[in-house]
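Coordinates as given in structure-v2.cif (mmCIF, C-alpha atoms and all ligand atoms):
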data_query
loop_
_atom_site.label_atom_id
_atom_site.label_comp_id
_atom_site.auth_asym_id
_atom_site.auth_seq_id
_atom_site.Cartn_x
_atom_site.Cartn_y
_atom_site.Cartn_z
CA MET I 9 193.39 2.36 83.40
CA SER I 10 194.81 2.98 79.92
CA MET I 11 197.17 0.37 78.48
CA PRO I 12 200.34 0.45 80.61
CA ARG I 13 203.85 1.02 79.28
CA LYS I 14 206.29 -1.86 79.56
CA ASP I 15 207.25 -2.07 83.20
CA VAL I 16 208.42 -4.26 86.07
CA ILE I 17 205.74 -5.11 88.66
CA VAL I 18 207.18 -5.90 92.09
CA ALA I 19 205.29 -8.72 93.85
CA CYS I 20 204.91 -7.53 97.46
CA ASP I 21 204.48 -11.01 98.89
CA PHE I 22 204.65 -10.09 102.58
CA GLY I 23 202.61 -11.15 105.59
CA SER I 24 201.98 -7.74 107.10
CA ARG I 25 201.53 -4.06 106.33
CA ALA I 26 204.65 -3.22 108.37
CA GLU I 27 206.83 -5.54 106.30
CA ALA I 28 205.40 -4.23 103.04
CA LEU I 29 205.88 -0.60 104.04
CA ASP I 30 209.40 -1.24 105.34
CA PHE I 31 210.24 -2.85 102.03
CA LEU I 32 208.75 -0.07 99.90
CA GLY I 33 210.36 2.53 102.15
CA MET I 34 213.73 1.42 100.76
CA PHE I 35 212.71 2.79 97.35
CA GLY I 36 212.79 6.44 98.51
CA GLU I 37 211.05 8.69 95.99
CA ASP I 38 210.64 5.85 93.46
CA ARG I 39 207.17 4.35 93.20
CA PRO I 40 207.45 0.92 91.59
CA PHE I 41 204.34 -0.67 90.09
CA VAL I 42 203.40 -3.19 92.81
CA LYS I 43 201.44 -6.39 93.00
CA ILE I 44 199.35 -7.20 96.07
CA GLY I 45 198.65 -10.90 96.21
CA MET I 46 196.65 -13.18 98.44
CA GLU I 47 199.08 -13.20 101.37
CA LEU I 48 199.16 -9.44 101.93
CA PHE I 49 195.51 -8.91 101.04
CA TYR I 50 194.28 -11.66 103.35
CA ALA I 51 196.47 -10.32 106.16
CA GLU I 52 195.71 -6.62 105.83
CA GLY I 53 192.63 -6.28 103.64
CA PRO I 54 191.46 -3.35 101.51
CA ASP I 55 193.23 -0.78 103.71
CA MET I 56 196.55 -2.05 102.40
CA VAL I 57 195.44 -1.29 98.87
CA ARG I 58 194.25 2.18 99.87
CA ALA I 59 197.53 2.88 101.67
CA LEU I 60 199.68 2.00 98.66
CA LYS I 61 197.38 3.82 96.28
CA ALA I 62 197.66 6.92 98.50
CA ARG I 63 201.48 6.65 98.28
CA GLY I 64 201.18 6.83 94.50
CA HIS I 65 201.80 3.22 93.51
CA ARG I 66 200.04 1.63 90.58
CA ILE I 67 198.56 -1.65 91.78
CA PHE I 68 197.98 -5.06 90.29
CA LEU I 69 195.62 -6.80 92.71
CA ASP I 70 196.44 -10.46 92.10
CA LEU I 71 193.62 -12.38 93.77
CA LYS I 72 192.97 -14.79 90.86
CA LEU I 73 189.23 -15.08 91.28
CA HIS I 74 187.69 -18.40 90.26
CA ASP I 75 184.07 -19.02 91.33
CA ILE I 76 180.55 -19.01 89.91
CA PRO I 77 179.85 -15.99 87.67
CA ASN I 78 177.49 -14.25 90.08
CA THR I 79 179.98 -14.40 92.96
CA VAL I 80 182.82 -13.19 90.75
CA ARG I 81 180.74 -10.31 89.34
CA ARG I 82 179.81 -9.07 92.80
CA SER I 83 183.33 -9.53 94.21
CA MET I 84 184.88 -7.66 91.31
CA ALA I 85 182.58 -4.70 91.96
CA VAL I 86 184.04 -4.52 95.48
CA LEU I 87 187.64 -4.70 94.22
CA SER I 88 187.06 -2.17 91.46
CA ALA I 89 185.92 0.41 94.03
CA LEU I 90 189.45 0.20 95.53
CA ASP I 91 190.73 2.00 92.40
CA VAL I 92 193.29 -0.65 91.52
CA ASP I 93 194.86 -0.67 88.06
CA ILE I 94 194.78 -4.39 87.21
CA CYS I 95 192.69 -7.31 88.53
CA ASN I 96 192.69 -10.95 87.51
CA VAL I 97 190.74 -14.20 87.32
CA HIS I 98 191.55 -17.77 86.36
CA ALA I 99 190.66 -18.38 82.70
CA ALA I 100 189.70 -21.91 83.83
CA GLY I 101 186.58 -20.31 85.34
CA THR I 102 185.15 -20.17 81.76
CA ALA I 103 184.23 -17.37 79.36
CA GLU I 104 180.94 -16.78 81.18
CA MET I 105 182.79 -16.18 84.44
CA MET I 106 185.26 -13.82 82.72
CA ARG I 107 182.41 -11.79 81.18
CA ALA I 108 180.77 -11.57 84.61
CA ALA I 109 184.07 -10.36 86.08
CA LEU I 110 184.28 -7.60 83.46
CA GLU I 111 180.71 -6.49 84.15
CA GLY I 112 181.44 -6.29 87.86
CA LEU I 113 184.54 -4.17 87.32
CA VAL I 114 182.82 -1.30 85.50
CA ARG I 115 182.59 1.69 87.86
CA PRO I 116 179.68 4.13 87.97
CA ASP I 117 181.66 6.59 85.78
CA GLY I 118 182.22 3.89 83.13
CA SER I 119 185.94 3.37 83.88
CA ARG I 120 187.32 0.03 85.06
CA PRO I 121 190.64 -1.60 86.00
CA LEU I 122 192.31 -3.76 83.36
CA LEU I 123 191.32 -7.40 83.63
CA ILE I 124 193.68 -10.24 82.80
CA ALA I 125 193.28 -14.01 83.09
CA VAL I 126 195.71 -16.59 84.43
CA THR I 127 196.27 -19.23 81.73
CA GLN I 128 198.36 -21.90 83.47
CA LEU I 129 200.36 -20.98 86.57
CA THR I 130 204.06 -20.58 85.85
CA SER I 131 204.73 -23.16 88.58
CA THR I 132 202.80 -25.80 86.59
CA SER I 133 204.83 -28.00 84.26
CA GLU I 134 203.30 -29.63 81.22
CA GLU I 135 203.65 -33.04 82.94
CA ARG I 136 201.76 -31.83 86.02
CA MET I 137 199.05 -30.32 83.85
CA HIS I 138 198.64 -33.72 82.17
CA SER I 139 198.75 -35.82 85.33
CA ASP I 140 196.97 -33.58 87.87
CA LEU I 141 194.57 -31.57 85.73
CA LEU I 142 193.92 -34.20 83.04
CA ILE I 143 194.56 -31.60 80.34
CA ASP I 144 196.38 -33.73 77.79
CA ARG I 145 197.29 -31.06 75.19
CA PRO I 146 200.72 -29.42 74.88
CA MET I 147 201.22 -26.39 77.16
CA PRO I 148 201.53 -23.82 74.31
CA GLU I 149 198.23 -24.99 72.82
CA VAL I 150 196.48 -24.76 76.20
CA VAL I 151 197.85 -21.27 76.83
CA ARG I 152 196.81 -20.11 73.32
CA HIS I 153 193.32 -21.51 73.78
CA TYR I 154 192.85 -19.87 77.20
CA ALA I 155 194.21 -16.60 75.80
CA ARG I 156 191.78 -16.63 72.85
CA THR I 157 188.88 -17.41 75.20
CA ALA I 158 189.90 -14.50 77.44
CA ARG I 159 190.24 -12.14 74.47
CA ASP I 160 186.85 -13.18 73.08
CA ALA I 161 185.31 -12.57 76.52
CA GLY I 162 186.61 -8.98 76.27
CA LEU I 163 189.58 -9.18 78.65
CA ASP I 164 192.70 -7.06 78.24
CA GLY I 165 195.33 -9.78 78.46
CA VAL I 166 196.60 -12.87 80.21
CA VAL I 167 199.10 -13.97 82.82
CA CYS I 168 201.47 -16.52 81.28
CA SER I 169 205.12 -17.48 81.19
CA PRO I 170 207.51 -15.23 79.23
CA LEU I 171 208.08 -18.32 77.10
CA GLU I 172 204.49 -18.02 75.84
CA ALA I 173 204.28 -14.22 75.40
CA GLY I 174 205.11 -14.27 71.67
CA ASP I 175 202.54 -16.94 71.01
CA VAL I 176 199.89 -14.96 72.90
CA HIS I 177 200.58 -11.87 70.80
CA ARG I 178 200.54 -13.85 67.57
CA CYS I 179 197.15 -15.37 68.30
CA CYS I 180 195.47 -12.47 70.14
CA GLY I 181 197.19 -9.35 68.76
CA GLN I 182 200.03 -7.12 69.93
CA GLY I 183 197.68 -4.97 72.01
CA PHE I 184 196.61 -7.95 74.14
CA LEU I 185 198.74 -7.90 77.28
CA ALA I 186 201.14 -10.71 78.17
CA VAL I 187 201.85 -10.22 81.89
CA THR I 188 204.55 -12.63 82.91
CA PRO I 189 205.74 -13.92 86.27
CA GLY I 190 208.35 -16.68 86.25
CA VAL I 191 211.22 -14.18 85.93
CA ARG I 192 214.64 -15.05 87.30
CA PHE I 193 218.12 -13.57 87.03
CA ALA I 194 220.51 -15.81 85.11
CA GLU I 195 222.45 -16.79 88.25
CA GLY I 196 219.45 -17.21 90.61
CA GLY I 197 217.50 -20.38 91.48
CA ALA I 198 213.97 -20.90 90.12
CA GLY I 199 212.37 -21.89 93.46
CA ASP I 200 208.90 -23.32 92.79
CA GLN I 201 208.65 -21.64 89.38
CA VAL I 202 209.09 -23.90 86.35
CA ARG I 203 208.49 -21.96 83.12
CA VAL I 204 211.07 -19.20 83.72
CA ALA I 205 213.13 -16.61 81.79
CA THR I 206 215.50 -13.74 82.64
CA PRO I 207 214.23 -10.12 82.38
CA ALA I 208 216.27 -9.63 79.18
CA ARG I 209 214.87 -12.80 77.63
CA ALA I 210 211.33 -11.76 78.69
CA ARG I 211 211.87 -8.53 76.73
CA GLU I 212 213.06 -10.42 73.64
CA LEU I 213 210.07 -12.75 73.93
CA GLY I 214 207.64 -9.81 74.02
CA SER I 215 206.39 -9.67 77.63
CA ASP I 216 204.48 -6.43 78.27
CA LEU I 217 204.79 -6.43 82.05
CA ILE I 218 207.00 -8.71 84.11
CA VAL I 219 206.01 -9.66 87.66
CA VAL I 220 209.04 -10.20 89.87
CA GLY I 221 208.88 -11.30 93.50
CA ARG I 222 211.66 -13.14 95.29
CA PRO I 223 214.53 -12.05 92.99
CA ILE I 224 213.79 -8.52 94.31
CA THR I 225 212.17 -9.04 97.74
CA ARG I 226 214.81 -11.55 98.90
CA ALA I 227 217.79 -9.76 97.35
CA ALA I 228 220.50 -8.42 99.65
CA ASP I 229 219.84 -5.03 97.99
CA PRO I 230 216.23 -5.02 96.73
CA VAL I 231 216.41 -1.57 95.13
CA ALA I 232 219.53 -2.55 93.15
CA ALA I 233 217.78 -5.78 92.08
CA TRP I 234 214.69 -3.81 90.97
CA LYS I 235 216.88 -1.36 89.01
CA ARG I 236 218.69 -4.25 87.38
CA CYS I 237 215.34 -5.81 86.41
CA VAL I 238 214.14 -2.53 84.90
CA ARG I 239 217.44 -2.09 83.02
CA GLU I 240 217.45 -5.64 81.66
CA PHE I 241 213.75 -5.62 80.79
CA LEU I 242 213.50 -2.17 79.22
CA GLY I 243 216.86 -2.57 77.48
O1 LIG W 301 208.72 -14.75 93.83
P1 LIG W 301 208.28 -14.89 92.41
O2 LIG W 301 209.05 -14.00 91.44
O3 LIG W 301 208.17 -16.32 91.93
O4 LIG W 301 206.79 -14.30 92.44
C1 LIG W 301 205.91 -14.40 91.35
C2 LIG W 301 204.59 -13.80 91.76
O5 LIG W 301 203.68 -13.92 90.66
C3 LIG W 301 203.92 -14.48 92.94
O6 LIG W 301 203.30 -13.47 93.70
C4 LIG W 301 202.87 -15.38 92.33
O7 LIG W 301 201.73 -15.49 93.14
C5 LIG W 301 202.52 -14.65 91.04
N1 LIG W 301 202.04 -15.46 89.93
C6 LIG W 301 202.75 -16.51 89.39
N2 LIG W 301 202.25 -17.24 88.34
C7 LIG W 301 201.06 -16.93 87.82
C8 LIG W 301 200.32 -15.87 88.35
C9 LIG W 301 200.85 -15.14 89.41
O8 LIG W 301 203.87 -16.78 89.83
N3 LIG W 301 200.59 -17.59 86.77
#
Could you express the structure from this file as structure tokens?
Ligand code: C5P
Amino acid sequence: MSMPRKDVIVACDFGSRAEALDFLGMFGEDRPFVKIGMELFYAEGPDMVRALKARGHRIFLDLKLHDIPNTVRRSMAVLSALDVDICNVHAAGTAEMMRAALEGLVRPDGSRPLLIAVTQLTSTSEERMHSDLLIDRPMPEVVRHYARTARDAGLDGVVCSPLEAGDVHRCCGQGFLAVTPGVRFAEGGAGDQVRVATPARARELGSDLIVVGRPITRAADPVAAWKRCVREFLG
């Protein structure tokens, strides 16, 4: 996939194909960029990806691979054949694992999905990172380091908080994608997310793609919430 335009990716965090299709059916002729995560993929498998691809959605397959390089290479080859637009890994899997992931993604015709790496989950606070992961550096430094490692391994970008998007661009270049979950409307609760920003603030901070789940999927009017996100993010 070529570098995407700024956009809102809707996290389709549902437990079944029926729920996901009911939800997307509300969008009529619109085809939002969607994210399929572990819940939906584990429930419905590759057919779910094929079904949404056939409907014309661009797809970020958010399975956050993190395993030994050989396993990741071989698994990525399977995912790449599904013709998704973006895949991801955990940067914590090391540069060698990220290079293996890239190798696995290349299709017979030479094309491949974009590959991005999770730096630190947006639900992880700096305190938790210190106490649970024994990473004792400040969060921005950790995110910058993981982003540089991902860039040097040849990846296309990272998943980080909107709060870190500017930093990522400064250290890795404007063309290196900052894909940012942790997006909340000003009046909404954060839930389990910690490092959050509004869509408008994410734009100011330089996010390339925002990933929005519950503020859209749990809204009384999901389509209105999606349109509001797009309006606030694209300005
Ligand atoms: O509902 P909410 O807007 O918090 O959804 C955010 C989505 O982004 C979830 O599907 C979550 O798995 C994903 N995500 C995240 N933080 C990351 C990577 C992915 O929240 N670092």
Between atom CA of I:Ser119 and atom C5 of ligand LIG 301 (chain W), distance in Å (one decimal): 25.5 Å
Just want the 10 Å neighbourhood of I:His177, counted on only C-alpha atoms, with same-chain residues fewer than 3 positions away dropped. Output as a PDB file with C-alpha atoms, in the coordinates of the input.
ATOM      1  CA  ARG I 152     196.810 -20.110  73.320  1.00  0.00           C
ATOM      2  CA  ALA I 155     194.210 -16.600  75.800  1.00  0.00           C
ATOM      3  CA  GLY I 165     195.330  -9.780  78.460  1.00  0.00           C
ATOM      4  CA  GLU I 172     204.490 -18.020  75.840  1.00  0.00           C
ATOM      5  CA  ALA I 173     204.280 -14.220  75.400  1.00  0.00           C
ATOM      6  CA  GLY I 174     205.110 -14.270  71.670  1.00  0.00           C
ATOM      7  CA  CYS I 180     195.470 -12.470  70.140  1.00  0.00           C
ATOM      8  CA  GLY I 181     197.190  -9.350  68.760  1.00  0.00           C
ATOM      9  CA  GLN I 182     200.030  -7.120  69.930  1.00  0.00           C
ATOM     10  CA  GLY I 183     197.680  -4.970  72.010  1.00  0.00           C
ATOM     11  CA  PHE I 184     196.610  -7.950  74.140  1.00  0.00           C
ATOM     12  CA  LEU I 185     198.740  -7.900  77.280  1.00  0.00           C
ATOM     13  CA  ALA I 186     201.140 -10.710  78.170  1.00  0.00           C
ATOM     14  CA  GLY I 214     207.640  -9.810  74.020  1.00  0.00           C
ATOM     15  CA  SER I 215     206.390  -9.670  77.630  1.00  0.00           C
TER      16      SER I 215
END
Counting all atoms listed in the file, which protein, DNA or RNA residues come within 8 Å of ligand LIG 301 (chain W), given as a CSV table (one decimal) with C-alpha atoms, keeping the file's coordinate frame?
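File written: result_19.csv
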chain,number,residue,atom,x,y,z
I,19,ALA,CA,205.3,-8.7,93.8
I,20,CYS,CA,204.9,-7.5,97.5
I,21,ASP,CA,204.5,-11.0,98.9
I,43,LYS,CA,201.4,-6.4,93.0
I,44,ILE,CA,199.4,-7.2,96.1
I,45,GLY,CA,198.6,-10.9,96.2
I,46,MET,CA,196.6,-13.2,98.4
I,70,ASP,CA,196.4,-10.5,92.1
I,72,LYS,CA,193.0,-14.8,90.9
I,126,VAL,CA,195.7,-16.6,84.4
I,127,THR,CA,196.3,-19.2,81.7
I,128,GLN,CA,198.4,-21.9,83.5
I,129,LEU,CA,200.4,-21.0,86.6
I,130,THR,CA,204.1,-20.6,85.8
I,131,SER,CA,204.7,-23.2,88.6
I,167,VAL,CA,199.1,-14.0,82.8
I,168,CYS,CA,201.5,-16.5,81.3
I,169,SER,CA,205.1,-17.5,81.2
I,188,THR,CA,204.6,-12.6,82.9
I,189,PRO,CA,205.7,-13.9,86.3
I,190,GLY,CA,208.4,-16.7,86.2
I,191,VAL,CA,211.2,-14.2,85.9
I,192,ARG,CA,214.6,-15.0,87.3
I,198,ALA,CA,214.0,-20.9,90.1
I,199,GLY,CA,212.4,-21.9,93.5
I,200,ASP,CA,208.9,-23.3,92.8
I,201,GLN,CA,208.6,-21.6,89.4
I,219,VAL,CA,206.0,-9.7,87.7
I,220,VAL,CA,209.0,-10.2,89.9
I,221,GLY,CA,208.9,-11.3,93.5
I,222,ARG,CA,211.7,-13.1,95.3
I,223,PRO,CA,214.5,-12.0,93.0
I,224,ILE,CA,213.8,-8.5,94.3
I,225,THR,CA,212.2,-9.0,97.7
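With distances taken over all atoms listed in the file, I:Phe193 is the one residue among I:Val187, I:Gly33, I:Leu242, I:Phe193 lying closest to I:Ala227.
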Length of the atom CA of I:Ala208 to atom CA of I:Arg66 vector [Å]: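 Between these atoms lies a distance of 22.8 Å.
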Neighbour list for I:Glu104 as a ChimeraX atom specification, cut-off 10 Å, all atoms listed in the file, skip fewer than 5 positions in-chain: /I:76-78,99,109,157-158,161
Contacts of stretch 229-231 of chain I within 10 Å, all atoms listed in the file, excl. fewer than 2 positions in-chain, as a PyMOL selection string: chain I and resi 31-32+34-36+38+40+222-227+233-237
Answer as an MDAnalysis selection string, residues within 10 Å of (191.6, 4.7, 89.0) using all atoms listed in the file: chainID I and resid 9:10 61 66:67 88:94 115 119:121
Separation of atom CA of I:Arg211 from atom CA of I:Phe241 in Å: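 One can read the atom CA of I:Phe241 to atom CA of I:Arg211 distance as 5.3 Å.
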Selected residue of minimal separation from I:Asp164 among I:Arg81, I:His74, I:Arg107, I:Arg178, counting all atoms listed in the file: I:Arg107
Polymer residues at most 9 Å from stretch 132-144 of chain I, only C-alpha atoms, same-chain spacing of 5 or more positions, as a PyMOL selection string: chain I and resi 150+201-203
Could you rebuild stretch 187-198 of chain I with N, CA, C and O atoms and give me the result as a PDB file, in the frame of the given file?
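Listed below is the output, out05.pdb:
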ATOM      1  N   VAL I 187     201.272 -10.570  80.577  1.00  0.00           N
ATOM      2  CA  VAL I 187     201.850 -10.220  81.890  1.00  0.00           C
ATOM      3  C   VAL I 187     202.509 -11.475  82.413  1.00  0.00           C
ATOM      4  O   VAL I 187     201.860 -12.521  82.562  1.00  0.00           O
ATOM      5  N   THR I 188     203.819 -11.379  82.691  1.00  0.00           N
ATOM      6  CA  THR I 188     204.550 -12.630  82.910  1.00  0.00           C
ATOM      7  C   THR I 188     205.348 -12.675  84.206  1.00  0.00           C
ATOM      8  O   THR I 188     206.359 -12.000  84.368  1.00  0.00           O
ATOM      9  N   PRO I 189     204.889 -13.529  85.136  1.00  0.00           N
ATOM     10  CA  PRO I 189     205.740 -13.920  86.270  1.00  0.00           C
ATOM     11  C   PRO I 189     206.725 -14.994  85.770  1.00  0.00           C
ATOM     12  O   PRO I 189     206.860 -15.186  84.559  1.00  0.00           O
ATOM     13  N   GLY I 190     207.393 -15.669  86.695  1.00  0.00           N
ATOM     14  CA  GLY I 190     208.350 -16.680  86.250  1.00  0.00           C
ATOM     15  C   GLY I 190     209.609 -16.010  85.724  1.00  0.00           C
ATOM     16  O   GLY I 190     210.212 -16.456  84.759  1.00  0.00           O
ATOM     17  N   VAL I 191     210.017 -14.908  86.361  1.00  0.00           N
ATOM     18  CA  VAL I 191     211.220 -14.180  85.930  1.00  0.00           C
ATOM     19  C   VAL I 191     212.333 -14.417  86.938  1.00  0.00           C
ATOM     20  O   VAL I 191     212.117 -14.297  88.149  1.00  0.00           O
ATOM     21  N   ARG I 192     213.489 -14.771  86.437  1.00  0.00           N
ATOM     22  CA  ARG I 192     214.640 -15.050  87.300  1.00  0.00           C
ATOM     23  C   ARG I 192     215.904 -14.490  86.681  1.00  0.00           C
ATOM     24  O   ARG I 192     216.070 -14.545  85.463  1.00  0.00           O
ATOM     25  N   PHE I 193     216.809 -13.967  87.529  1.00  0.00           N
ATOM     26  CA  PHE I 193     218.120 -13.570  87.030  1.00  0.00           C
ATOM     27  C   PHE I 193     218.872 -14.832  86.602  1.00  0.00           C
ATOM     28  O   PHE I 193     218.617 -15.929  87.148  1.00  0.00           O
ATOM     29  N   ALA I 194     219.810 -14.652  85.678  1.00  0.00           N
ATOM     30  CA  ALA I 194     220.510 -15.810  85.110  1.00  0.00           C
ATOM     31  C   ALA I 194     221.156 -16.669  86.195  1.00  0.00           C
ATOM     32  O   ALA I 194     221.140 -17.903  86.102  1.00  0.00           O
ATOM     33  N   GLU I 195     221.698 -16.020  87.252  1.00  0.00           N
ATOM     34  CA  GLU I 195     222.450 -16.790  88.250  1.00  0.00           C
ATOM     35  C   GLU I 195     221.586 -17.235  89.433  1.00  0.00           C
ATOM     36  O   GLU I 195     222.065 -17.928  90.322  1.00  0.00           O
ATOM     37  N   GLY I 196     220.292 -16.878  89.457  1.00  0.00           N
ATOM     38  CA  GLY I 196     219.450 -17.210  90.610  1.00  0.00           C
ATOM     39  C   GLY I 196     218.753 -18.550  90.443  1.00  0.00           C
ATOM     40  O   GLY I 196     218.613 -19.053  89.333  1.00  0.00           O
ATOM     41  N   GLY I 197     218.270 -19.135  91.547  1.00  0.00           N
ATOM     42  CA  GLY I 197     217.500 -20.380  91.480  1.00  0.00           C
ATOM     43  C   GLY I 197     216.065 -20.091  91.070  1.00  0.00           C
ATOM     44  O   GLY I 197     215.589 -18.968  91.223  1.00  0.00           O
ATOM     45  N   ALA I 198     215.347 -21.108  90.581  1.00  0.00           N
ATOM     46  CA  ALA I 198     213.970 -20.900  90.120  1.00  0.00           C
ATOM     47  C   ALA I 198     212.959 -21.019  91.256  1.00  0.00           C
ATOM     48  O   ALA I 198     211.841 -20.546  91.140  1.00  0.00           O
TER      49      ALA I 198
END
